[in-house]
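Coordinates as given in query38.cif (mmCIF, C-alpha atoms and all ligand atoms):
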```
data_upload
loop_
_atom_site.label_atom_id
_atom_site.label_comp_id
_atom_site.auth_asym_id
_atom_site.auth_seq_id
_atom_site.Cartn_x
_atom_site.Cartn_y
_atom_site.Cartn_z
CA MET A 10 12.71 23.01 -56.62
CA ILE A 11 14.53 19.88 -55.41
CA GLN A 12 16.59 19.63 -52.25
CA ILE A 13 18.39 16.43 -51.45
CA GLU A 14 20.04 16.44 -48.05
CA GLN A 15 22.34 13.80 -46.68
CA VAL A 16 20.58 11.06 -48.57
CA THR A 17 21.80 7.51 -48.15
CA LYS A 18 20.23 4.53 -49.86
CA ARG A 19 21.15 1.00 -48.84
CA TYR A 20 19.79 -2.16 -50.36
CA PRO A 21 19.80 -4.77 -47.59
CA ALA A 22 21.75 -8.01 -47.95
CA LYS A 23 19.90 -10.88 -49.58
CA GLN A 24 20.72 -14.59 -49.40
CA ARG A 25 24.02 -14.56 -51.26
CA GLU A 26 24.38 -10.88 -51.92
CA ARG A 27 26.01 -8.37 -49.65
CA GLU A 28 24.36 -5.11 -48.65
CA VAL A 29 24.74 -2.44 -51.33
CA ILE A 30 25.21 1.21 -50.45
CA ALA A 31 23.84 2.72 -53.66
CA LEU A 32 23.96 6.32 -52.41
CA GLN A 33 26.01 7.75 -49.60
CA GLU A 34 25.23 11.09 -47.95
CA ILE A 35 24.23 12.86 -51.12
CA ASP A 36 23.60 16.61 -51.07
CA LEU A 37 22.14 18.11 -54.21
CA GLN A 38 19.93 20.99 -55.26
CA ILE A 39 18.13 21.32 -58.56
CA GLU A 40 16.68 24.75 -59.30
CA LYS A 41 13.70 25.61 -61.45
CA GLY A 42 14.78 25.87 -65.09
CA ASP A 43 17.92 23.76 -64.71
CA ILE A 44 18.94 21.08 -67.14
CA PHE A 45 20.86 19.16 -64.55
CA GLY A 46 23.23 16.44 -65.76
CA ILE A 47 24.14 13.46 -63.59
CA VAL A 48 27.17 11.61 -64.89
CA GLY A 49 28.94 8.49 -63.72
CA TYR A 50 30.01 5.00 -64.64
CA SER A 51 27.73 2.01 -64.35
CA GLY A 52 26.68 1.28 -60.78
CA ALA A 53 27.47 4.80 -59.54
CA GLY A 54 23.91 5.21 -58.24
CA LYS A 55 22.44 7.48 -60.93
CA SER A 56 19.19 5.60 -61.54
CA THR A 57 18.71 5.08 -57.82
CA LEU A 58 18.91 8.84 -57.37
CA LEU A 59 16.21 9.45 -60.01
CA ARG A 60 13.94 6.81 -58.48
CA LEU A 61 14.21 8.61 -55.15
CA LEU A 62 13.29 11.91 -56.80
CA ASN A 63 9.93 10.70 -58.02
CA GLY A 64 9.22 8.78 -54.86
CA LEU A 65 9.45 5.35 -56.48
CA GLU A 66 11.92 4.44 -53.75
CA LYS A 67 12.53 5.84 -50.30
CA PRO A 68 15.89 6.88 -48.90
CA THR A 69 17.31 4.88 -46.00
CA SER A 70 18.20 8.18 -44.35
CA GLY A 71 18.26 11.86 -45.24
CA SER A 72 15.52 14.01 -46.73
CA ILE A 73 14.20 14.94 -50.15
CA HIS A 74 12.05 18.01 -50.74
CA VAL A 75 10.27 18.55 -54.04
CA ASN A 76 8.55 21.93 -54.49
CA GLY A 77 8.92 22.53 -50.79
CA LYS A 78 7.24 19.27 -49.82
CA LYS A 79 9.08 16.58 -47.94
CA LEU A 80 8.48 13.33 -49.81
CA ALA A 81 8.67 11.13 -46.71
CA VAL A 82 5.59 12.70 -45.15
CA LEU A 83 3.33 12.53 -48.22
CA SER A 84 0.47 10.04 -48.24
CA ASP A 85 0.27 7.48 -51.05
CA GLY A 86 -2.43 9.61 -52.68
CA GLU A 87 -0.37 12.80 -52.48
CA LEU A 88 2.64 10.95 -53.86
CA ARG A 89 0.57 9.69 -56.79
CA VAL A 90 -0.57 13.23 -57.62
CA LEU A 91 3.00 14.50 -57.41
CA ARG A 92 4.25 11.67 -59.61
CA GLN A 93 1.78 12.61 -62.34
CA LYS A 94 3.59 15.95 -62.50
CA ILE A 95 6.99 14.31 -62.93
CA GLY A 96 7.59 12.93 -66.43
CA MET A 97 10.17 10.26 -67.06
CA ILE A 98 11.85 8.87 -70.17
CA PHE A 99 14.09 5.83 -70.44
CA GLN A 100 16.84 4.32 -72.56
CA HIS A 101 14.55 1.53 -73.76
CA TYR A 102 11.47 3.77 -74.09
CA HIS A 103 9.13 1.58 -71.97
CA LEU A 104 6.30 1.99 -74.49
CA LEU A 105 3.23 -0.21 -74.57
CA TRP A 106 3.78 -2.40 -77.60
CA SER A 107 0.15 -3.34 -78.17
CA ARG A 108 -0.94 0.30 -78.28
CA THR A 109 -0.52 2.75 -81.13
CA VAL A 110 1.54 5.92 -80.83
CA ARG A 111 -1.58 7.92 -80.07
CA GLU A 112 -2.80 5.38 -77.50
CA ASN A 113 0.57 5.38 -75.76
CA VAL A 114 0.41 9.13 -75.27
CA ALA A 115 -3.23 8.89 -74.19
CA PHE A 116 -2.43 6.34 -71.49
CA PRO A 117 -1.27 8.68 -68.68
CA LEU A 118 -4.20 10.99 -69.48
CA GLU A 119 -6.63 8.09 -69.07
CA ILE A 120 -5.04 7.26 -65.73
CA ALA A 121 -5.40 10.89 -64.66
CA GLY A 122 -9.12 10.66 -65.46
CA LYS A 123 -9.26 13.15 -68.33
CA THR A 124 -12.31 13.24 -70.60
CA LYS A 125 -12.23 11.71 -74.06
CA ARG A 126 -12.23 15.13 -75.66
CA GLU A 127 -9.41 16.41 -73.45
CA ILE A 128 -7.39 13.31 -74.26
CA GLU A 129 -7.91 13.73 -78.00
CA GLN A 130 -6.89 17.37 -77.94
CA ARG A 131 -3.89 16.94 -75.70
CA THR A 132 -2.64 13.89 -77.59
CA GLU A 133 -2.75 15.70 -80.90
CA GLU A 134 -1.04 18.76 -79.45
CA LEU A 135 1.76 16.64 -77.98
CA LEU A 136 2.31 14.50 -81.06
CA ARG A 137 2.49 17.60 -83.22
CA ARG A 138 4.97 19.11 -80.77
CA VAL A 139 7.34 16.12 -81.03
CA GLY A 140 6.84 15.87 -84.80
CA LEU A 141 5.04 12.53 -84.87
CA TRP A 142 1.42 13.38 -85.63
CA GLU A 143 1.70 11.71 -89.05
CA ARG A 144 2.62 8.44 -87.32
CA LYS A 145 -0.17 8.54 -84.75
CA ASP A 146 -1.65 5.20 -85.78
CA ALA A 147 1.65 3.33 -86.03
CA TYR A 148 2.73 0.78 -83.43
CA PRO A 149 6.02 1.25 -81.58
CA SER A 150 7.55 -1.70 -83.44
CA GLU A 151 7.10 0.25 -86.68
CA LEU A 152 9.15 3.23 -85.47
CA SER A 153 12.86 4.08 -85.41
CA GLY A 154 14.61 4.51 -82.07
CA GLY A 155 14.46 8.29 -82.30
CA GLN A 156 10.75 8.18 -83.10
CA LYS A 157 10.10 5.83 -80.17
CA GLN A 158 11.85 8.27 -77.86
CA ARG A 159 9.70 11.10 -79.24
CA VAL A 160 6.63 9.06 -78.27
CA GLY A 161 8.22 8.55 -74.84
CA ILE A 162 8.72 12.30 -74.52
CA ALA A 163 5.15 13.11 -75.63
CA ARG A 164 3.84 10.61 -73.08
CA ALA A 165 6.06 12.07 -70.35
CA LEU A 166 4.67 15.55 -71.06
CA ALA A 167 1.03 14.48 -71.13
CA ASN A 168 0.05 15.65 -67.65
CA ASP A 169 1.97 18.95 -67.78
CA PRO A 170 4.92 17.98 -65.61
CA PHE A 171 7.09 20.55 -63.87
CA LEU A 172 10.01 18.11 -63.95
CA LEU A 173 11.30 15.73 -66.61
CA LEU A 174 13.60 12.89 -65.55
CA CYS A 175 15.69 11.31 -68.30
CA ASP A 176 17.50 8.04 -67.58
CA GLU A 177 20.00 7.44 -70.40
CA ALA A 178 17.36 8.64 -72.84
CA THR A 179 19.77 8.87 -75.77
CA SER A 180 22.07 5.94 -74.99
CA ALA A 181 20.47 3.64 -77.55
CA LEU A 182 20.53 6.24 -80.34
CA ASP A 183 23.06 7.16 -83.03
CA PRO A 184 24.84 10.53 -82.72
CA GLU A 185 22.60 12.41 -85.14
CA THR A 186 19.40 11.17 -83.55
CA THR A 187 20.89 11.92 -80.14
CA THR A 188 21.43 15.53 -81.17
CA SER A 189 17.84 15.89 -82.36
CA ILE A 190 16.41 14.38 -79.16
CA LEU A 191 18.66 16.61 -77.02
CA GLN A 192 17.50 19.58 -79.06
CA LEU A 193 13.89 18.62 -78.32
CA ILE A 194 14.61 18.29 -74.58
CA LYS A 195 16.27 21.70 -74.62
CA GLU A 196 13.24 23.25 -76.37
CA ILE A 197 10.90 21.65 -73.85
CA ASN A 198 12.99 23.14 -71.05
CA GLN A 199 13.02 26.62 -72.61
CA GLU A 200 9.54 26.86 -74.09
CA MET A 201 7.54 25.02 -71.46
CA GLY A 202 9.69 25.96 -68.48
CA ILE A 203 10.12 22.34 -67.48
CA THR A 204 13.10 21.55 -65.26
CA VAL A 205 15.15 18.57 -66.46
CA ALA A 206 17.31 16.06 -64.59
CA LEU A 207 19.24 13.97 -67.03
CA ILE A 208 21.39 10.89 -66.41
CA THR A 209 24.07 10.02 -68.89
CA HIS A 210 27.42 8.30 -69.12
CA GLU A 211 28.45 10.62 -71.95
CA MET A 212 29.89 14.01 -71.09
CA SER A 213 29.09 15.16 -74.63
CA VAL A 214 25.40 15.05 -73.68
CA VAL A 215 26.09 17.26 -70.68
CA ASP A 216 28.18 19.52 -72.88
CA ALA A 217 25.34 19.84 -75.39
CA ILE A 218 22.45 20.91 -73.16
CA CYS A 219 23.10 20.94 -69.41
CA ASN A 220 23.79 24.03 -67.31
CA LYS A 221 24.81 22.10 -64.19
CA VAL A 222 26.39 18.74 -63.61
CA ALA A 223 27.02 16.30 -60.79
CA VAL A 224 29.65 13.62 -61.28
CA MET A 225 29.04 10.44 -59.31
CA GLU A 226 31.26 7.58 -58.28
CA THR A 227 30.20 4.58 -56.18
CA GLY A 228 27.29 6.29 -54.51
CA SER A 229 28.89 9.67 -53.90
CA ILE A 230 28.91 12.98 -55.72
CA VAL A 231 32.56 13.69 -56.36
CA GLU A 232 32.12 16.93 -58.28
CA LEU A 233 29.29 19.38 -58.72
CA GLY A 234 28.84 22.74 -60.37
CA GLU A 235 28.18 24.83 -63.44
CA VAL A 236 29.02 22.85 -66.56
CA LYS A 237 31.35 25.52 -67.93
CA GLN A 238 33.30 25.68 -64.69
CA VAL A 239 33.54 21.90 -64.28
CA PHE A 240 34.71 21.51 -67.86
CA ARG A 241 37.25 24.29 -67.56
CA GLU A 242 38.83 22.97 -64.38
CA PRO A 243 37.81 19.39 -63.65
CA GLN A 244 39.06 18.55 -60.15
CA HIS A 245 38.33 14.90 -59.64
CA GLU A 246 39.99 12.02 -61.48
CA VAL A 247 36.62 10.66 -62.69
CA THR A 248 35.63 14.05 -64.07
CA LYS A 249 38.93 14.36 -65.86
CA ARG A 250 38.39 11.00 -67.52
CA PHE A 251 34.88 11.98 -68.52
CA THR A 252 35.82 15.35 -69.94
CA GLU A 253 38.88 14.23 -71.89
CA GLY A 254 38.74 15.10 -75.56
CA LEU A 255 35.53 17.11 -75.38
CA GLY A 256 35.09 20.24 -77.43
CA GLY A 257 31.88 22.21 -76.98
CA ASP A 258 29.03 21.30 -79.29
CA HIS A 259 26.60 23.32 -77.19
CA ILE A 260 23.02 23.48 -78.40
CA ALA A 261 21.96 27.10 -77.93
N1 LIG A 301 16.66 -2.90 -56.32
C1 LIG A 301 17.96 -3.09 -56.02
N2 LIG A 301 18.35 -4.05 -55.13
C2 LIG A 301 19.65 -4.21 -54.83
N3 LIG A 301 20.65 -3.47 -55.32
C3 LIG A 301 20.34 -2.51 -56.20
C4 LIG A 301 18.98 -2.26 -56.61
N4 LIG A 301 18.97 -1.24 -57.50
C5 LIG A 301 20.27 -0.86 -57.65
N5 LIG A 301 21.08 -1.62 -56.87
C6 LIG A 301 22.53 -1.46 -56.76
O1 LIG A 301 22.83 -0.12 -56.43
C7 LIG A 301 23.98 0.33 -57.12
C8 LIG A 301 23.64 1.55 -57.95
O2 LIG A 301 22.76 1.15 -59.01
P1 LIG A 301 22.14 2.17 -60.08
O3 LIG A 301 21.22 1.40 -60.94
O4 LIG A 301 21.60 3.35 -59.36
O5 LIG A 301 23.44 2.60 -60.90
P2 LIG A 301 23.57 3.46 -62.24
O6 LIG A 301 24.56 4.52 -61.96
O7 LIG A 301 22.23 3.85 -62.71
O8 LIG A 301 24.23 2.40 -63.25
P3 LIG A 301 24.00 2.21 -64.84
O9 LIG A 301 24.84 3.27 -65.51
O10 LIG A 301 24.53 0.84 -65.10
O11 LIG A 301 22.55 2.31 -65.12
C9 LIG A 301 24.48 -0.85 -57.94
O12 LIG A 301 25.48 -1.50 -57.20
C10 LIG A 301 23.26 -1.72 -58.07
O13 LIG A 301 23.62 -3.08 -58.20
MG MG A 302 21.11 3.40 -64.39
#
```

Do you think you could lay out the structure here as structure tokens?
Ligand SMILES: Nc1ncnc2c1ncn2[C@@H]1O[C@H](COP(=O)(O)OP(=O)(O)OP(=O)(O)O)[C@@H](O)[C@H]1O
Ligand SMILES: [Mg+2]
Amino acid sequence: MIQIEQVTKRYPAKQREREVIALQEIDLQIEKGDIFGIVGYSGAGKSTLLRLLNGLEKPTSGSIHVNGKKLAVLSDGELRVLRQKIGMIFQHYHLLWSRTVRENVAFPLEIAGKTKREIEQRTEELLRRVGLWERKDAYPSELSGGQKQRVGIARALANDPFLLLCDEATSALDPETTTSILQLIKEINQEMGITVALITHEMSVVDAICNKVAVMETGSIVELGEVKQVFREPQHEVTKRFTEGLGGDHIA
């Protein structure tokens, strides 16, 4: 589904700042049905990688194919259509604070030009799916962190994405809420067949729901493989630090 080949991303030097090499010759494949974990310390290049996947940024060199299409050759219009089929959720939710729960979920459907009736139906279906239909008229400020992320997930699913990108989606949540959100992501993956790429700095998140993992350090992937294998025999120093003291709480 996703092929990343020899991707390098440099941010050019600005007045007082030196050039940053955020990603360096990255090779990565994400297959349909994966819940693919991307782990690394702050500044490793994780968010940059996700932004390249949905075409929000362009690589300096190398190529990215999504569903067999090379991103670099897509027109702006084609890229916009593709991006509607890639959902994204964030650590700080990125909800619209002046809109209700229902209106937040409706937003991407409005942008996609759906009819009022379609929007009403789809919004209800999604809010029921994430367990928030009862709060449809609440504003984000009236919700708990876990509820806000459920709105974020419902919104991300609005246009039937084939891929869900999660950037530290549980980092602001307590452990119990984290488990319930991870459970929801896992269900979405299994029931709707949506492939997931998930950034985290917690190996316990990878342990809970991912089948594959890439460990990043300063712009490079230092370890990559099946989660079970990587956990059993971590090779790289960074991976060893990340996996220390973990004992499988896998969500089936
Ligand atoms: N728009 C930008 N302009 C310049 N440098 C950038 C830009 N975006 C990211 N960087 C730099 O690229 C590197 C990788 O950043 P990135 O945000 O991808 O890291 P990350 O792994 O997501 O970190 P965190 O865990 O803190 O979110 C960092 O050195 C960062 O400062
Ligand atoms: Mg980041």

Closest atom pairs, chain A residues within 6 Å of ligand LIG 301 (chain A), all atoms listed in the file, as a Markdown table:
```
| residue | atom | partner | partner_atom | distance |
| --- | --- | --- | --- | --- |
| A:Tyr20 | CA | A:LIG301 | C2 | 4.9 |
| A:Val29 | CA | A:LIG301 | N3 | 5.8 |
| A:Ala31 | CA | A:LIG301 | O1 | 4.1 |
| A:Tyr50 | CA | A:LIG301 | O9 | 5.5 |
| A:Ser51 | CA | A:LIG301 | O9 | 3.4 |
| A:Gly52 | CA | A:LIG301 | O5 | 3.5 |
| A:Ala53 | CA | A:LIG301 | O6 | 3.8 |
| A:Gly54 | CA | A:LIG301 | O4 | 3.2 |
| A:Lys55 | CA | A:LIG301 | O6 | 3.8 |
| A:Ser56 | CA | A:LIG301 | O7 | 3.7 |
| A:Thr57 | CA | A:LIG301 | O4 | 3.7 |
```

Can you tell me, as a PDB file with C-alpha atoms, keeping the file's coordinate frame, what residues are no more than 10 Å from Thr17 in chain A when counting all atoms listed in the file, ignoring any on the same chain fewer than 6 positions away?
```pdb
ATOM      1  CA  ILE A  30      25.210   1.210 -50.450  1.00  0.00           C
ATOM      2  CA  ALA A  31      23.840   2.720 -53.660  1.00  0.00           C
ATOM      3  CA  LEU A  32      23.960   6.320 -52.410  1.00  0.00           C
ATOM      4  CA  GLN A  33      26.010   7.750 -49.600  1.00  0.00           C
ATOM      5  CA  GLU A  34      25.230  11.090 -47.950  1.00  0.00           C
ATOM      6  CA  ILE A  35      24.230  12.860 -51.120  1.00  0.00           C
ATOM      7  CA  ASP A  36      23.600  16.610 -51.070  1.00  0.00           C
ATOM      8  CA  LEU A  58      18.910   8.840 -57.370  1.00  0.00           C
ATOM      9  CA  LYS A  67      12.530   5.840 -50.300  1.00  0.00           C
ATOM     10  CA  PRO A  68      15.890   6.880 -48.900  1.00  0.00           C
ATOM     11  CA  THR A  69      17.310   4.880 -46.000  1.00  0.00           C
ATOM     12  CA  SER A  70      18.200   8.180 -44.350  1.00  0.00           C
ATOM     13  CA  GLY A  71      18.260  11.860 -45.240  1.00  0.00           C
ATOM     14  CA  SER A  72      15.520  14.010 -46.730  1.00  0.00           C
ATOM     15  CA  GLY A 228      27.290   6.290 -54.510  1.00  0.00           C
ATOM     16  CA  SER A 229      28.890   9.670 -53.900  1.00  0.00           C
TER      17      SER A 229
END
```

> So which residues touch Ile95 in chain A within 9 Å, counting all atoms listed in the file, skipping near sequence neighbours fewer than 5 positions away, as an MDAnalysis selection string?
Replying inline: chainID A and resid 63 165:166 168:174

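Around Asp43 in chain A, within 8 Å and counting all atoms listed in the file, the residues found are Thr204, Val205, Ala206, Cys219, Asn220 and Lys221 of chain A, once anything fewer than 6 positions away on its own chain is removed.
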
> To one decimal place, how far is CA of Gln130 in chain A from CA of Gly202 in chain A in Å?
Replying inline: 20.9 Å

> Neighbours of range 133-146 of chain A within 8 Å (all atoms listed in the file; same-chain residues fewer than 5 positions away dropped), as a list in words?
Replying inline: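 Contacts, in chain order: Thr109, Val110, Arg111, Gln156, Arg159, Val160, Ile162, Ala163, Leu166, Ala167 and Leu193 of chain A.
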
Box for range 57-60 of chain A: with edges along x, y and z, all listed atoms inside and 4 Å added on each side, what are the centre and edge lengths in Å to one decimal, as lines of an AutoDock Vina configuration file?
```
center_x = 16.4
center_y = 7.3
center_z = -58.7
size_x = 13.0
size_y = 12.4
size_z = 10.6
```

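Distances to ligand MG 302 (chain A) were evaluated for A:Cys175, A:Leu37, A:Leu104, A:Val222 using all atoms listed in the file, and the minimum falls at A:Cys175.
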